[in-house]
Amino acid sequence: MNIDFHSHVIPTAFVAAIENDPARLKARIIGTGSDRKVVHDQGYAYPLFAEFTQPEAKLAAMDRKGIDISVLSPAPPTFTYWADRDLAVKVTSLVNDGVADFVAIRKDRFRGMGILPMQHPDDAIAELERIVEVHGFRSVEIGTGIEGVKLSDQRFRPVLKRASELGIFILAHPYYIGNKSGLEDYYLTNLIGNPLETTLMVADLMYSGTLDELPDLKIGLAHGGGFAPYQIGRLAHGHKVRSETRAKSQTSPLDLLRRFYFDSVVFEPKALTFLADLVGAEHVFLGTDAPFDMGDEDPVKTIADAPGLTDEQRAQIAGRTALSLLGEA
């Protein structure tokens, strides 16, 4: 079974909210029909592909790629971490209920992943408990940072702890709705900025002692974990020779890296082989990042082409890791 654990949707209720109050949502919808785009006030724009909003389009794309089940996560711009409490709670619940409606169309092929109003931790915990109880979600997607505040910040610790207690899997995804300084040209905000954001989060969670404090926390990393797996030797060496890195954690960064889970969106099959050998295939899961243009259009082939992997490893990455994280193994 091939299970996509990194597949995005944008509930129609969120689109309608933007259309009804673009000033408050700091975004607008332009164009008509298949040419519609979402344009955020901060400058980020993207096509409103049918696969974002229409279950039949998502299913058609899954069939084309050989995907049996997709775990549907809201596109990161729906996070609205900049919003005040009332708006954040309203939008988050609206989005999560929209994902649940999407899933209800084909429960045999869809699973739901929620989002949380992380800038308001008490409300984030309340929403986490609600979507687990009401919708049966087993995973949530959060940003690698919350409007410039690190995920290791103590204000977010209760949210992470509650997710750990509930056995909820967290997919950490880079979040931005504007260009990153110094990366404005050549689409580097995404090409380098996104994996860099993930790498910074990984290193901070390691060195800050957050992972030591929450040993049962399950965090997945988009885009193959950014640069972290491929520079883990540097992080580990720094931990040996620099006292700053040992101020809050004595645990080897290599051991901590193997606590994370990683999607397969690396595009280079040899990189996928390296990743599986480094952290274990049981910590790697198939992802597409659909329907963004930086997604993997043929993820099954990426896994098949990864040199040196055993059939067992390929099956683990293709679906068994996801089933385990969903509690369906």
# chains A, B, ... in the order shown; residues from 1 in each chain; ligands from 1
$ select_by_dssp --residues "segment 203-268 of chain A" --states "helix (DSSP H, G or I)" --output "PyMOL selection string"
chain A and resi 203-207+210-213+223-225+228-230+232-241+243-246+253-257
$ write_last_selection --atoms "C-alpha atoms" --output "PDB file, in the first residue's frame"
ATOM      1  CA  ALA A 203      19.173  21.828  15.539  1.00  0.00           C
ATOM      2  CA  ASP A 204      17.324  24.019  18.038  1.00  0.00           C
ATOM      3  CA  LEU A 205      15.106  21.189  19.276  1.00  0.00           C
ATOM      4  CA  MET A 206      18.237  19.077  19.730  1.00  0.00           C
ATOM      5  CA  TYR A 207      20.484  21.557  21.513  1.00  0.00           C
ATOM      6  CA  THR A 210      13.325  19.942  24.085  1.00  0.00           C
ATOM      7  CA  LEU A 211      13.641  16.435  22.682  1.00  0.00           C
ATOM      8  CA  ASP A 212      15.228  15.197  25.903  1.00  0.00           C
ATOM      9  CA  GLU A 213      12.332  16.618  27.890  1.00  0.00           C
ATOM     10  CA  HIS A 223      11.243  17.805   2.364  1.00  0.00           C
ATOM     11  CA  GLY A 224      13.477  15.002   3.606  1.00  0.00           C
ATOM     12  CA  GLY A 225      14.392  16.881   6.780  1.00  0.00           C
ATOM     13  CA  ALA A 228      19.839  18.220   8.675  1.00  0.00           C
ATOM     14  CA  PRO A 229      20.407  14.573   7.647  1.00  0.00           C
ATOM     15  CA  TYR A 230      23.141  15.521   5.235  1.00  0.00           C
ATOM     16  CA  ILE A 232      24.371  15.725  10.870  1.00  0.00           C
ATOM     17  CA  GLY A 233      28.084  14.964  11.112  1.00  0.00           C
ATOM     18  CA  ARG A 234      28.768  18.671  11.510  1.00  0.00           C
ATOM     19  CA  LEU A 235      26.093  19.033  14.183  1.00  0.00           C
ATOM     20  CA  ALA A 236      27.473  16.010  16.031  1.00  0.00           C
ATOM     21  CA  HIS A 237      31.063  17.230  15.769  1.00  0.00           C
ATOM     22  CA  GLY A 238      30.031  20.633  17.099  1.00  0.00           C
ATOM     23  CA  HIS A 239      28.381  18.921  20.033  1.00  0.00           C
ATOM     24  CA  LYS A 240      31.702  17.309  20.899  1.00  0.00           C
ATOM     25  CA  VAL A 241      33.980  20.333  20.572  1.00  0.00           C
ATOM     26  CA  SER A 243      30.491  23.761  24.986  1.00  0.00           C
ATOM     27  CA  GLU A 244      27.637  25.994  23.797  1.00  0.00           C
ATOM     28  CA  THR A 245      25.949  23.028  22.143  1.00  0.00           C
ATOM     29  CA  ARG A 246      26.072  20.993  25.361  1.00  0.00           C
ATOM     30  CA  PRO A 253      22.628  14.892  17.797  1.00  0.00           C
ATOM     31  CA  LEU A 254      22.875  11.714  15.723  1.00  0.00           C
ATOM     32  CA  ASP A 255      20.778   9.843  18.282  1.00  0.00           C
ATOM     33  CA  LEU A 256      18.297  12.701  18.386  1.00  0.00           C
ATOM     34  CA  LEU A 257      18.084  12.864  14.592  1.00  0.00           C
TER      35      LEU A 257
END
$ residues_around --residues "Pro158 of chain A" --least-positions-apart "5" --cutoff "12 Å" --atoms "only C-alpha atoms" --output "count of residues only"
19
$ closest_residue --among "A:Val9, A:Ala271, A:Met294, A:Ala23" --to "Ser70 of chain A" --atoms "only C-alpha atoms"
A:Val9
$ select_by_dssp --residues "segment 45-156 of chain A" --states "strand (DSSP E or B)" --output "mmCIF file with C-alpha atoms, in the first residue's frame"
data_model
loop_
_atom_site.group_PDB
_atom_site.id
_atom_site.type_symbol
_atom_site.label_atom_id
_atom_site.label_comp_id
_atom_site.auth_asym_id
_atom_site.auth_seq_id
_atom_site.Cartn_x
_atom_site.Cartn_y
_atom_site.Cartn_z
ATOM 1 C CA ALA A 45 0.717 33.964 -4.295
ATOM 2 C CA TYR A 46 -0.152 30.489 -5.573
ATOM 3 C CA PRO A 47 -2.683 28.921 -7.966
ATOM 4 C CA ILE A 69 -4.339 6.697 0.788
ATOM 5 C CA SER A 70 -3.514 10.373 1.374
ATOM 6 C CA VAL A 71 -3.232 12.022 4.778
ATOM 7 C CA LEU A 72 -4.594 15.481 4.015
ATOM 8 C CA SER A 73 -2.948 18.470 5.661
ATOM 9 C CA PRO A 74 -4.014 22.091 5.175
ATOM 10 C CA PHE A 110 -8.414 9.908 2.925
ATOM 11 C CA ARG A 111 -7.188 10.591 6.451
ATOM 12 C CA GLY A 112 -7.222 13.993 8.118
ATOM 13 C CA GLY A 114 -5.323 19.235 11.570
ATOM 14 C CA ILE A 115 -3.684 22.577 12.295
ATOM 15 C CA SER A 139 -1.775 13.959 13.285
ATOM 16 C CA VAL A 140 -1.367 17.725 13.162
ATOM 17 C CA GLU A 141 0.730 20.034 11.037
ATOM 18 C CA ILE A 142 2.518 22.984 12.596
ATOM 19 C CA GLY A 143 5.082 25.477 11.381
ATOM 20 C CA GLY A 145 8.536 28.414 13.697
ATOM 21 C CA ILE A 146 5.650 30.551 14.911
ATOM 22 C CA VAL A 149 9.412 32.381 17.667
ATOM 23 C CA LYS A 150 11.223 29.044 17.947
#
$ atom_distance --atom1 "atom CA of Phe262 of chain A" --atom2 "atom CA of Phe49 of chain A"
25.7 Å
$ closest_atom_pairs --of "segment 256-302 of chain A" --to "segment 183-196 of chain A" --cutoff "12 Å" --atoms "only C-alpha atoms" --output "JSON lines"
{"residue": "A:Val265", "atom": "CA", "partner": "A:Pro195", "partner_atom": "CA", "distance": 11.0}
{"residue": "A:Val266", "atom": "CA", "partner": "A:Pro195", "partner_atom": "CA", "distance": 10.4}
{"residue": "A:Phe292", "atom": "CA", "partner": "A:Asn190", "partner_atom": "CA", "distance": 11.4}
{"residue": "A:Asp293", "atom": "CA", "partner": "A:Asn190", "partner_atom": "CA", "distance": 11.0}
{"residue": "A:Met294", "atom": "CA", "partner": "A:Leu191", "partner_atom": "CA", "distance": 8.6}
{"residue": "A:Gly295", "atom": "CA", "partner": "A:Leu191", "partner_atom": "CA", "distance": 11.7}
$ atom_distance --atom1 "atom CA of Ala306 of chain A" --atom2 "atom CA of Asp277 of chain A"
11.2 Å
$ closest_atom_pairs --of "segment 6-61 of chain A" --to "segment 88-97 of chain A" --cutoff "12 Å" --atoms "only C-alpha atoms" --output "CSV"
residue,atom,partner,partner_atom,distance
A:Val9,CA,A:Val95,CA,9.6
A:Ile10,CA,A:Val95,CA,7.7
A:Pro11,CA,A:Val95,CA,6.1
A:Thr12,CA,A:Val95,CA,8.7
A:Ala13,CA,A:Leu94,CA,6.8
A:Phe14,CA,A:Val95,CA,6.2
A:Val15,CA,A:Val95,CA,9.7
A:Ala16,CA,A:Leu94,CA,10.7
A:Ala17,CA,A:Val91,CA,8.4
A:Ile18,CA,A:Val91,CA,10.3
A:Arg24,CA,A:Ala88,CA,11.0
A:Leu25,CA,A:Val91,CA,9.2
A:Thr53,CA,A:Val95,CA,11.6
$ write_last_selection --atoms "N, CA and C atoms" --output "CSV table (one decimal), in the first residue's frame"
chain,number,residue,atom,x,y,z
A,9,VAL,N,-4.4,20.2,1.2
A,9,VAL,CA,-5.7,20.7,0.8
A,9,VAL,C,-5.9,22.1,1.3
A,10,ILE,N,-6.9,22.8,0.7
A,10,ILE,CA,-7.4,24.1,1.2
A,10,ILE,C,-8.9,24.0,1.2
A,11,PRO,N,-9.5,23.9,2.4
A,11,PRO,CA,-10.9,23.7,2.4
A,11,PRO,C,-11.7,24.9,1.8
A,12,THR,N,-12.8,24.6,1.1
A,12,THR,CA,-13.5,25.7,0.4
A,12,THR,C,-14.0,26.7,1.4
A,13,ALA,N,-14.2,26.3,2.7
A,13,ALA,CA,-14.7,27.3,3.7
A,13,ALA,C,-13.6,28.4,3.9
A,14,PHE,N,-12.3,28.0,3.8
A,14,PHE,CA,-11.2,28.9,4.0
A,14,PHE,C,-11.2,29.9,2.8
A,15,VAL,N,-11.4,29.4,1.6
A,15,VAL,CA,-11.4,30.2,0.4
A,15,VAL,C,-12.6,31.2,0.5
A,16,ALA,N,-13.7,30.7,0.9
A,16,ALA,CA,-14.9,31.6,1.1
A,16,ALA,C,-14.7,32.7,2.1
A,17,ALA,N,-14.0,32.3,3.2
A,17,ALA,CA,-13.7,33.3,4.2
A,17,ALA,C,-12.8,34.4,3.7
A,18,ILE,N,-11.8,34.1,2.8
A,18,ILE,CA,-11.0,35.1,2.2
A,18,ILE,C,-11.9,36.0,1.3
A,24,ARG,N,-9.6,41.3,6.6
A,24,ARG,CA,-9.3,40.6,7.9
A,24,ARG,C,-8.4,39.4,7.7
A,25,LEU,N,-8.5,38.7,6.6
A,25,LEU,CA,-7.7,37.5,6.3
A,25,LEU,C,-6.4,37.8,5.7
A,53,THR,N,-9.1,21.8,-3.4
A,53,THR,CA,-10.4,22.0,-2.9
A,53,THR,C,-11.4,20.9,-3.3
$ closest_residue --among "A:Ala290, A:Glu297, A:Ala50, A:Arg314" --to "Gly33 of chain A" --atoms "only C-alpha atoms"
A:Ala50
